[in-house]
>>> print(open('upload38.txt').read())   # compact mmCIF, C-alpha atoms (C1' of nucleotides)
# COMPACT_ATOMS: atom_id res chain seq x y z
CA MET A 1 -1.50 -11.06 -11.82
CA SER A 2 0.31 -7.83 -12.67
CA ILE A 3 4.09 -7.71 -12.72
CA THR A 4 4.08 -5.29 -9.83
CA SER A 5 2.24 -7.79 -7.65
CA ASP A 6 4.81 -10.38 -8.54
CA ILE A 7 7.66 -8.10 -7.56
CA LEU A 8 5.96 -7.22 -4.30
CA ARG A 9 5.26 -10.82 -3.49
CA GLY A 10 6.98 -11.90 -0.34
CA HIS A 11 7.43 -8.39 1.04
CA THR A 12 3.97 -8.22 2.52
CA GLU A 13 4.89 -9.43 5.99
CA ALA A 14 7.84 -7.07 6.34
CA ILE A 15 5.75 -4.16 5.07
CA ILE A 16 3.14 -4.88 7.73
CA LEU A 17 5.74 -5.21 10.48
CA SER A 18 7.26 -1.93 9.38
CA HIS A 19 3.93 -0.21 9.97
CA LEU A 20 3.76 -1.56 13.50
CA LEU A 21 7.20 -0.46 14.63
CA ASP A 22 6.11 2.83 16.17
CA GLN A 23 2.54 2.11 17.17
CA ASP A 24 -0.13 -0.54 17.14
CA SER A 25 -2.58 -0.38 14.28
CA TYR A 26 -5.42 -2.24 12.61
CA GLY A 27 -6.01 -3.74 9.20
CA TYR A 28 -7.98 -1.01 7.56
CA GLN A 29 -5.61 1.68 8.76
CA ILE A 30 -2.50 -0.17 7.66
CA ASN A 31 -3.97 -0.63 4.21
CA LYS A 32 -4.78 3.07 3.96
CA ASP A 33 -1.29 4.01 5.11
CA ILE A 34 0.27 1.86 2.44
CA MET A 35 -1.86 3.35 -0.31
CA LYS A 36 -1.02 6.85 0.87
CA LYS A 37 2.68 6.14 1.17
CA THR A 38 2.80 4.85 -2.40
CA ASN A 39 0.56 7.56 -3.87
CA ASN A 40 -2.10 4.97 -4.57
CA THR A 41 0.29 2.96 -6.71
CA TYR A 42 0.08 -0.09 -4.54
CA GLU A 43 -2.89 -1.47 -2.70
CA LEU A 44 -2.44 -4.45 -0.49
CA LYS A 45 -5.49 -6.57 -1.20
CA GLU A 46 -7.58 -7.40 1.84
CA ALA A 47 -7.38 -11.14 1.43
CA THR A 48 -3.61 -10.85 1.18
CA LEU A 49 -3.46 -8.61 4.22
CA TYR A 50 -5.50 -10.83 6.46
CA SER A 51 -3.75 -14.03 5.48
CA ALA A 52 -0.47 -12.27 6.25
CA PHE A 53 -1.80 -11.28 9.68
CA ARG A 54 -2.61 -14.91 10.39
CA ARG A 55 0.87 -16.03 9.40
CA LEU A 56 2.54 -13.31 11.43
CA GLU A 57 0.49 -14.14 14.50
CA GLN A 58 1.12 -17.85 14.07
CA ALA A 59 4.83 -17.15 13.87
CA GLY A 60 4.74 -15.00 17.01
CA TYR A 61 5.75 -11.81 15.22
CA ILE A 62 2.61 -9.95 16.18
CA ARG A 63 -0.09 -10.27 18.83
CA THR A 64 -3.62 -8.99 18.51
CA TYR A 65 -6.36 -7.52 20.67
CA TRP A 66 -9.77 -5.96 20.13
CA GLY A 67 -10.06 -2.19 20.46
CA ASP A 68 -12.67 -0.80 22.87
CA GLU A 69 -14.55 1.31 20.33
CA THR A 70 -17.80 2.58 21.75
CA VAL A 71 -18.89 3.92 18.38
CA GLY A 72 -18.19 2.74 14.86
CA ALA A 73 -17.12 -0.69 13.72
CA ARG A 74 -14.95 -2.78 16.01
CA ARG A 75 -11.23 -2.82 15.29
CA ARG A 76 -8.76 -5.61 15.76
CA TYR A 77 -5.43 -4.12 16.69
CA TYR A 78 -2.06 -5.63 16.00
CA ALA A 79 1.13 -5.14 17.99
CA ILE A 80 4.62 -6.17 16.98
CA THR A 81 6.52 -8.49 19.33
CA GLU A 82 10.23 -8.58 20.11
CA ASP A 83 10.55 -11.54 17.75
CA GLY A 84 8.73 -9.47 15.18
CA ARG A 85 11.24 -6.66 15.51
CA ARG A 86 14.12 -9.07 15.11
CA MET A 87 12.43 -10.59 12.07
CA TYR A 88 11.87 -7.15 10.59
CA HIS A 89 15.48 -6.09 10.97
CA GLY A 90 16.72 -9.36 9.55
CA TYR A 91 14.41 -8.99 6.62
CA LYS A 92 15.46 -5.43 5.93
CA LYS A 93 19.07 -6.48 5.83
CA GLU A 94 18.22 -9.31 3.49
CA TRP A 95 16.31 -6.90 1.27
CA GLN A 96 19.36 -4.66 0.95
CA GLU A 97 21.40 -7.63 -0.21
CA ALA A 98 18.70 -8.95 -2.52
CA LYS A 99 18.37 -5.54 -4.12
CA GLU A 100 22.04 -5.44 -5.02
CA MET A 101 21.86 -8.99 -6.26
CA ILE A 102 18.93 -8.36 -8.55
CA ASP A 103 20.50 -5.15 -9.85
CA LYS A 104 23.58 -7.15 -10.69
CA LEU A 105 21.57 -9.89 -12.37
CA LEU A 106 19.54 -7.43 -14.44
CA LYS A 107 22.79 -5.90 -15.65
CA MET B 1 11.22 -21.81 1.11
CA SER B 2 13.90 -19.35 2.22
CA ILE B 3 13.14 -15.66 2.42
CA THR B 4 15.61 -15.02 -0.35
CA SER B 5 13.65 -17.25 -2.71
CA ASP B 6 10.52 -15.34 -1.95
CA ILE B 7 12.18 -12.02 -2.68
CA LEU B 8 13.58 -13.36 -5.92
CA ARG B 9 10.25 -14.80 -6.95
CA GLY B 10 8.97 -13.19 -10.09
CA HIS B 11 12.37 -11.93 -11.23
CA THR B 12 13.34 -15.23 -12.79
CA GLU B 13 12.15 -14.44 -16.30
CA ALA B 14 13.82 -11.04 -16.42
CA ILE B 15 17.05 -12.50 -15.06
CA ILE B 16 17.06 -15.08 -17.82
CA LEU B 17 16.28 -12.51 -20.51
CA SER B 18 19.10 -10.35 -19.21
CA HIS B 19 21.54 -13.20 -19.80
CA LEU B 20 20.42 -13.52 -23.39
CA LEU B 21 20.79 -9.85 -24.36
CA ASP B 22 24.31 -10.14 -25.75
CA GLN B 23 24.45 -13.74 -26.90
CA ASP B 24 22.46 -16.92 -27.08
CA SER B 25 23.03 -19.39 -24.29
CA TYR B 26 21.76 -22.64 -22.83
CA GLY B 27 20.28 -23.69 -19.50
CA TYR B 28 23.30 -25.10 -17.79
CA GLN B 29 25.45 -22.14 -18.76
CA ILE B 30 22.90 -19.55 -17.67
CA ASN B 31 22.63 -21.22 -14.31
CA LYS B 32 26.39 -21.23 -13.89
CA ASP B 33 26.60 -17.57 -14.87
CA ILE B 34 24.04 -16.62 -12.27
CA MET B 35 25.84 -18.48 -9.52
CA LYS B 36 29.12 -16.88 -10.47
CA LYS B 37 27.64 -13.41 -10.70
CA THR B 38 26.18 -13.69 -7.21
CA ASN B 39 29.24 -15.36 -5.67
CA ASN B 40 27.25 -18.55 -5.18
CA THR B 41 24.66 -16.73 -3.09
CA TYR B 42 21.84 -17.51 -5.45
CA GLU B 43 21.23 -20.62 -7.42
CA LEU B 44 18.34 -20.75 -9.80
CA LYS B 45 16.91 -24.23 -9.28
CA GLU B 46 16.72 -26.33 -12.41
CA ALA B 47 13.01 -26.95 -12.17
CA THR B 48 12.48 -23.21 -11.83
CA LEU B 49 14.76 -22.48 -14.73
CA TYR B 50 13.14 -24.88 -17.15
CA SER B 51 9.59 -23.90 -16.30
CA ALA B 52 10.60 -20.29 -16.88
CA PHE B 53 12.03 -21.22 -20.28
CA ARG B 54 8.70 -22.79 -21.22
CA ARG B 55 6.79 -19.68 -20.18
CA LEU B 56 9.16 -17.36 -22.01
CA GLU B 57 8.95 -19.41 -25.17
CA GLN B 58 5.17 -19.61 -24.92
CA ALA B 59 5.03 -15.85 -24.57
CA GLY B 60 7.29 -15.35 -27.58
CA TYR B 61 10.10 -13.72 -25.60
CA ILE B 62 12.65 -16.37 -26.56
CA ARG B 63 13.05 -18.94 -29.29
CA THR B 64 15.07 -22.12 -29.02
CA TYR B 65 17.20 -24.37 -31.18
CA TRP B 66 19.45 -27.37 -30.65
CA GLY B 67 23.20 -26.83 -30.78
CA ASP B 68 25.26 -28.96 -33.17
CA GLU B 69 27.62 -30.40 -30.56
CA THR B 70 29.68 -33.23 -32.00
CA VAL B 71 31.06 -34.14 -28.58
CA GLY B 72 29.54 -33.92 -25.13
CA ALA B 73 25.92 -33.64 -24.16
CA ARG B 74 23.52 -31.91 -26.51
CA ARG B 75 22.62 -28.32 -25.69
CA ARG B 76 19.38 -26.52 -26.23
CA TYR B 77 20.13 -22.90 -26.98
CA TYR B 78 17.87 -19.96 -26.28
CA ALA B 79 17.75 -16.65 -28.16
CA ILE B 80 15.91 -13.53 -27.09
CA THR B 81 13.35 -12.08 -29.52
CA GLU B 82 12.47 -8.45 -30.17
CA ASP B 83 9.41 -8.88 -27.97
CA GLY B 84 11.70 -10.31 -25.34
CA ARG B 85 13.92 -7.23 -25.45
CA ARG B 86 10.92 -4.96 -25.08
CA MET B 87 9.66 -7.04 -22.21
CA TYR B 88 13.06 -6.92 -20.55
CA HIS B 89 13.35 -3.14 -20.76
CA GLY B 90 9.83 -2.68 -19.46
CA TYR B 91 10.53 -4.99 -16.60
CA LYS B 92 13.73 -3.22 -15.68
CA LYS B 93 11.94 0.08 -15.51
CA GLU B 94 9.27 -1.44 -13.34
CA TRP B 95 11.92 -2.87 -11.08
CA GLN B 96 13.45 0.56 -10.53
CA GLU B 97 10.07 1.86 -9.44
CA ALA B 98 9.26 -1.16 -7.30
CA LYS B 99 12.60 -0.83 -5.55
CA GLU B 100 11.86 2.73 -4.47
CA MET B 101 8.38 1.73 -3.39
CA ILE B 102 9.57 -1.12 -1.21
CA ASP B 103 12.30 1.04 0.30
CA LYS B 104 9.65 3.57 1.19
CA LEU B 105 7.37 0.92 2.67
CA LEU B 106 10.14 -0.63 4.74
CA LYS B 107 10.87 2.83 6.14
C1' DC C 1 35.32 -48.45 -12.96
C1' DA C 2 33.32 -45.34 -9.68
C1' DA C 3 32.58 -40.75 -9.11
C1' DT C 4 31.87 -36.31 -10.77
C1' DA C 5 30.71 -32.95 -14.26
C1' DT C 6 28.06 -31.63 -18.10
C1' DA C 7 23.47 -31.27 -19.99
C1' DC C 8 18.75 -32.09 -20.50
C1' DC C 9 13.86 -32.96 -18.50
C1' DT C 10 9.06 -33.92 -15.67
C1' DC C 11 5.80 -34.56 -11.82
C1' DG C 12 3.45 -32.98 -8.02
C1' DC C 13 3.50 -30.39 -3.77
C1' DC C 14 3.77 -25.97 -1.32
C1' DT C 15 2.82 -21.27 -0.49
C1' DG C 16 1.51 -16.40 -1.21
C1' DT C 17 -1.81 -13.68 -3.80
C1' DC C 18 -6.32 -12.31 -4.80
C1' DA C 19 -11.17 -12.29 -6.93
C1' DA C 20 -15.37 -12.88 -5.13
C1' DG C 21 -18.14 -13.28 -1.78
C1' DG C 22 -19.89 -12.23 3.04
C1' DT C 23 -21.16 -9.38 7.84
C1' DA C 24 -22.07 -5.06 10.60
C1' DT C 25 -22.03 -0.03 11.83
C1' DA C 26 -21.79 5.04 10.79
C1' DT C 27 -22.05 8.98 7.85
C1' DT C 28 -23.36 11.67 3.83
C1' DA C 29 -26.25 12.79 -0.12
C1' DT C 30 -30.61 12.95 -2.35
C1' DA D 1 -36.54 8.45 4.78
C1' DT D 2 -33.36 5.83 2.34
C1' DA D 3 -29.70 5.01 -0.84
C1' DA D 4 -24.98 5.25 -1.25
C1' DT D 5 -20.56 5.39 0.57
C1' DA D 6 -17.12 4.73 4.09
C1' DT D 7 -15.42 2.23 7.87
C1' DA D 8 -14.16 -2.27 9.59
C1' DC D 9 -13.89 -7.10 9.81
C1' DC D 10 -13.60 -11.97 7.56
C1' DT D 11 -13.42 -16.70 4.48
C1' DT D 12 -13.22 -19.70 0.46
C1' DG D 13 -11.18 -21.55 -3.46
C1' DA D 14 -8.54 -20.96 -7.55
C1' DC D 15 -4.14 -19.82 -9.60
C1' DA D 16 0.74 -19.47 -10.53
C1' DG D 17 5.65 -19.63 -9.58
C1' DG D 18 9.24 -22.10 -7.06
C1' DC D 19 11.33 -26.30 -6.15
C1' DG D 20 12.32 -31.12 -4.07
C1' DA D 21 12.79 -35.34 -5.89
C1' DG D 22 13.19 -37.99 -9.34
C1' DG D 23 14.74 -39.29 -14.15
C1' DT D 24 17.99 -39.74 -18.81
C1' DA D 25 22.53 -39.60 -21.38
C1' DT D 26 27.50 -38.47 -22.37
C1' DA D 27 32.34 -37.25 -21.07
C1' DT D 28 36.07 -36.79 -17.90
C1' DT D 29 38.82 -37.61 -13.81
C1' DG D 30 40.67 -40.32 -9.84
>>> encode(input="upload38.txt", output="structure tokens")
Amino acid sequence: MSITSDILRGHTEAIILSHLLDQDSYGYQINKDIMKKTNNTYELKEATLYSAFRRLEQAGYIRTYWGDETVGARRRYYAITEDGRRMYHGYKKEWQEAKEMIDKLLK
Amino acid sequence: MSITSDILRGHTEAIILSHLLDQDSYGYQINKDIMKKTNNTYELKEATLYSAFRRLEQAGYIRTYWGDETVGARRRYYAITEDGRRMYHGYKKEWQEAKEMIDKLLK
DNA sequence: CAATATACCTCGCCTGTCAAGGTATATTAT
DNA sequence: ATAATATACCTTGACAGGCGAGGTATATTG
């Protein structure tokens, strides 16, 4: 595992929630967005992505539905819930604090 | 596991190396330093600490020796190596980049 | 003399990541 | 025509770091 992956570990769920704040989306799209946003520096691996979806759904932070594509491959859409939004904002706050903490600890 | 632990995951080794930059130290002391530095927000768990020491030693980033305490409990001291310093600086750079990336991904 | 502090350590579980594999449809290149 | 690539979904099993729970020994404080 690369160091970058290790640093990113644990942020996956919040990153996904962040992408659902403004509109519903689906796995493939979210992954593409992330790659684009990071100039292809970071690619969320599919297995990681889908296991995160399962956890988020289980926790009630997202709900899912199938798109009604008439052409092309089917898409499973994800929507953030109110709990999900709360979770996201809590996490973001925690991230701000953690950032300062790590900066302090790395001198 | 708390969210904080998950965010901190992977930084343990660098945090330890950081504490060894200026002087050698030992497990108990390093742990205390970390707690103090973070106003008791973050406590590196002992099991985590010692398994990190093993990894760091294995990797050649630290070397260890027993202190010559005449009173009190014995102390195992840790010293950072040149490789350890290189590793630390590389990690710190990576952290700066990762920080920006996560900020971007969390909008 | 019990409790707390200092100081070390190990075992085994838990959880998130991911390599490797799979399915199906649509488009583009040869 | 058909091979290759892109879109889109998914599961399994291994791996690694964190840590709860347990242990040892010495010194100090109430």
>>> closest_atom_pairs(input="upload38.txt", of="chain C", to="chain B", cutoff="9 Å", atoms="all atoms listed in the file", output="Markdown table")
| residue | atom | partner | partner_atom | distance |
| --- | --- | --- | --- | --- |
| C:DT6 | C1' | B:Ala73 | CA | 6.7 |
| C:DA7 | C1' | B:Ala73 | CA | 5.4 |
| C:DC8 | C1' | B:Arg75 | CA | 7.5 |
| C:DC9 | C1' | B:Tyr50 | CA | 8.2 |
| C:DT10 | C1' | B:Ala47 | CA | 8.7 |
| C:DC14 | C1' | B:Met1 | CA | 8.9 |
| C:DT15 | C1' | B:Met1 | CA | 8.6 |
>>> atom_distance(input="upload38.txt", atom1="CA of Ala52 in chain B", atom2="CA of Leu106 in chain B")
29.2 Å
>>> closest_residue(input="upload38.txt", among="D:DT24, D:DG17, D:DG30, D:DT12", to="chain B", atoms="only C-alpha atoms (C1' of nucleotides)")
D:DG17
>>> atom_distance(input="upload38.txt", atom1="CA of Tyr77 in chain B", atom2="C1' of DG23 in chain D")
21.5 Å
>>> atom_distance(input="upload38.txt", atom1="CA of Gly84 in chain A", atom2="CA of Leu8 in chain A")
19.8 Å
